[in-house]
Amino acid sequence: MYIPEEKVSEILNTSDIVDVISESVILKKSGRNFFGLCPFHSEKTPSFSVNASKQIFHCFGCSAGGNVLSYVMKYHGITFPEAAKMMARKYNVTIETKEIDPVKRRQIHLKEDLFRLNKTIMEVYFDGLKKQDIGKTPMQYLKKRGITDDTIEQFRLGFSPNNWDTIVKVLKDRKISKNIAIQSGLILERKQNNGYYDRFRNRIMFPIFDVNMQVAGFGGRVMDDSMPKYMNSPDTPVYNKSRILYGLHAAKQYCRQEGCVYIVEGYFDFLSLYQNGIKNTVASLGTALTSDHVRILKGYAKRMVLVFDSDTAGINAAKRSIKIFMNEGVDTRILVLPQGHDPDSYVLKQGQKAFNELALNAKTMMQFLLHISIDTHGLSVEGRIRVLEDMKKQLILIQDSALRSLYVKELAETLNIDEKAVLEKVREQYLSHPGKKSFLHDGENKDAKLESDRREEQMISLMLNYPEIINEIKNKEVLEYFYSEKLKRLAQKILSLDPKKEAFITNAMAGMENAEDQELIASFAMNDFFSEQDIHQTALSIIHRIIRVRKKQENTLTTKIISAEKGSDSDLMDLLKKKQAEIQQLHDHL
Ligand SMILES: [Zn+2]
């Protein structure tokens, strides 16, 4: 699909980046910018910034950056035309999509077809549950588990009858393409190649919505002890189990309100909590939580509470998830329910108030791990040494050093071991940790930036923020004196734009070829520390310095080369020429 340049401009001029990013990141105003936790890298203190007047975002941590379209692309993992279409829809900009590339068009249509089919089948399952005959047993089952009619209605719970061809028949009756149905995972091809059969049979059906309320897939649960207990749709173009969370479409506003989200494992856990007023809840669909899940949730709540059963399976699941949360640097608590309870049974029996009280006392991840380790090894001398061995591995994962030292203190007190000894152990572990090096040397390259680059970047930053100086730059031909080829290329593109153009920065960004260039533009545009009164003067002084430094350096080298030539010192000449080449190379590679 080709989106005309003027349409891209129109989208950029009408959309509001703060508004769009706020849908997925909690933003707080601070000075000229909004700040929030970056959805593209793990962090605990916000370095992700959004500027409303420039309509750009930039992360000071991972240097992700761009305009509203680059954000939407990156966040949702979609292509430029898809992002443009999404924003066009949101801001009522009409775009004709006649000149669609056929491959892309097929992909878009496939997604639309899959959503439509899923919706149709959701209603078939929903009707199945309502039927007097086949729906009776599953309905009784749901009632027994305390699920109300309202909940069934809201979450469109359903039933897949105990036949091999319920869906196959529906597809035939409604003339829906077999190919689409196969891709949705709702039906499977028989091995002998003689027809199709339904994937979900004799199961309670849970439609899985994406955050835009579209039916992305299904989960099915048996009503007895047969295996597998749960079955989910396979990954499809619209269903990606490592990115989707059950119930988030309904829970997201409550997660925002409470600043906290409960993460449970099963559909029933989710539904019981939700219908008992604990609406800031999502379920992980029985798959392991991924860092994508955590990053998505970060956009809705600061605190995450993992709710687990007290059985071994629950504890093991909690242990597995901890690393992901730790890496993402979010405030995470672990709520282990009293013996014999799961979230579903607990809230049904004890009610919302008791649950909330329990949640208030949820353990931090470290407290939880410490508790388990003590349970396993005991508090004898040998036991305490083992506990320390367990815990040092966890402690080095904590990125925040202040927090880490608090835990070291807590651990020392609990084990009644000298704090220094604990610290020593942690340090030992840290030094033998294979990931250590990259961790420590990160960011050093950034410091090595050369002065010239800094000046050239300042020049670009000025051009972006004060396009009125662009003519001056053209007149002085200052780009000819840039060392960095990359920065020169970016600056040339900016020079080719009309300085009077509205939303200059975002439009300049739209003209960049790749994401990397867009990120650079965002970071230069954001690094605007000039005072507005003397922009012209500032520009002139940077222009002069760029020209002067380069001329001076070249003059010196040239003079030396010439004198070496005269004295026919070929060794020195080679050396000098090499140096000249090296200087150029150095600049090109930064
Ligand atoms: Zn970042």
# chains A, B, ... in the order shown; residues from 1 in each chain; ligands from 1
>>> residues_near_ligand(ligand="ligand 1", cutoff="9 Å", atoms="only C-alpha atoms and all ligand atoms", output="number ranges by chain")
A: 37-43, 46-48, 58-65
>>> select_by_dssp(residues="range 342-508 of chain A", states="alpha helix (DSSP H)", output="PyMOL selection string")
chain A and resi 343-360+365-377+381-395+401-415+419-432+436-441+444-447+451-465+470-476+485-495+504-508
>>> residues_around(residues="Ile134 in chain A", least_positions_apart="6", cutoff="10 Å", atoms="only C-alpha atoms", output="list in words")
Gly128, Phe159, Ser160, Pro161, Asn162 and Asn202 of chain A
>>> residues_around(residues="Ala510 in chain A", least_positions_apart="6", cutoff="9 Å", atoms="only C-alpha atoms", output="PyMOL selection string")
chain A and resi 5+8-9+12+66-67+69-70+518
>>> residues_around(residues="range 450-463 of chain A", least_positions_apart="5", cutoff="7 Å", atoms="only C-alpha atoms", output="list in words")
Ile469, Ile470, Phe482, Ser484, Ala491, Phe524, Ala525, Asn527, Asp528, Ile542 and Ile546 of chain A
>>> closest_residue(among="A:Leu186, A:Leu129, A:Ala362, A:Ala412", to="Tyr141 in chain A", atoms="only C-alpha atoms")
A:Leu129
>>> atom_distance(atom1="CA of Ser49 in chain A", atom2="CA of Leu27 in chain A")
8.5 Å
>>> residues_around(residues="range 559-561 of chain A", least_positions_apart="2", cutoff="9 Å", atoms="only C-alpha atoms", output="ChimeraX atom specification")
/A:554-557,563-566,572-574,576-577
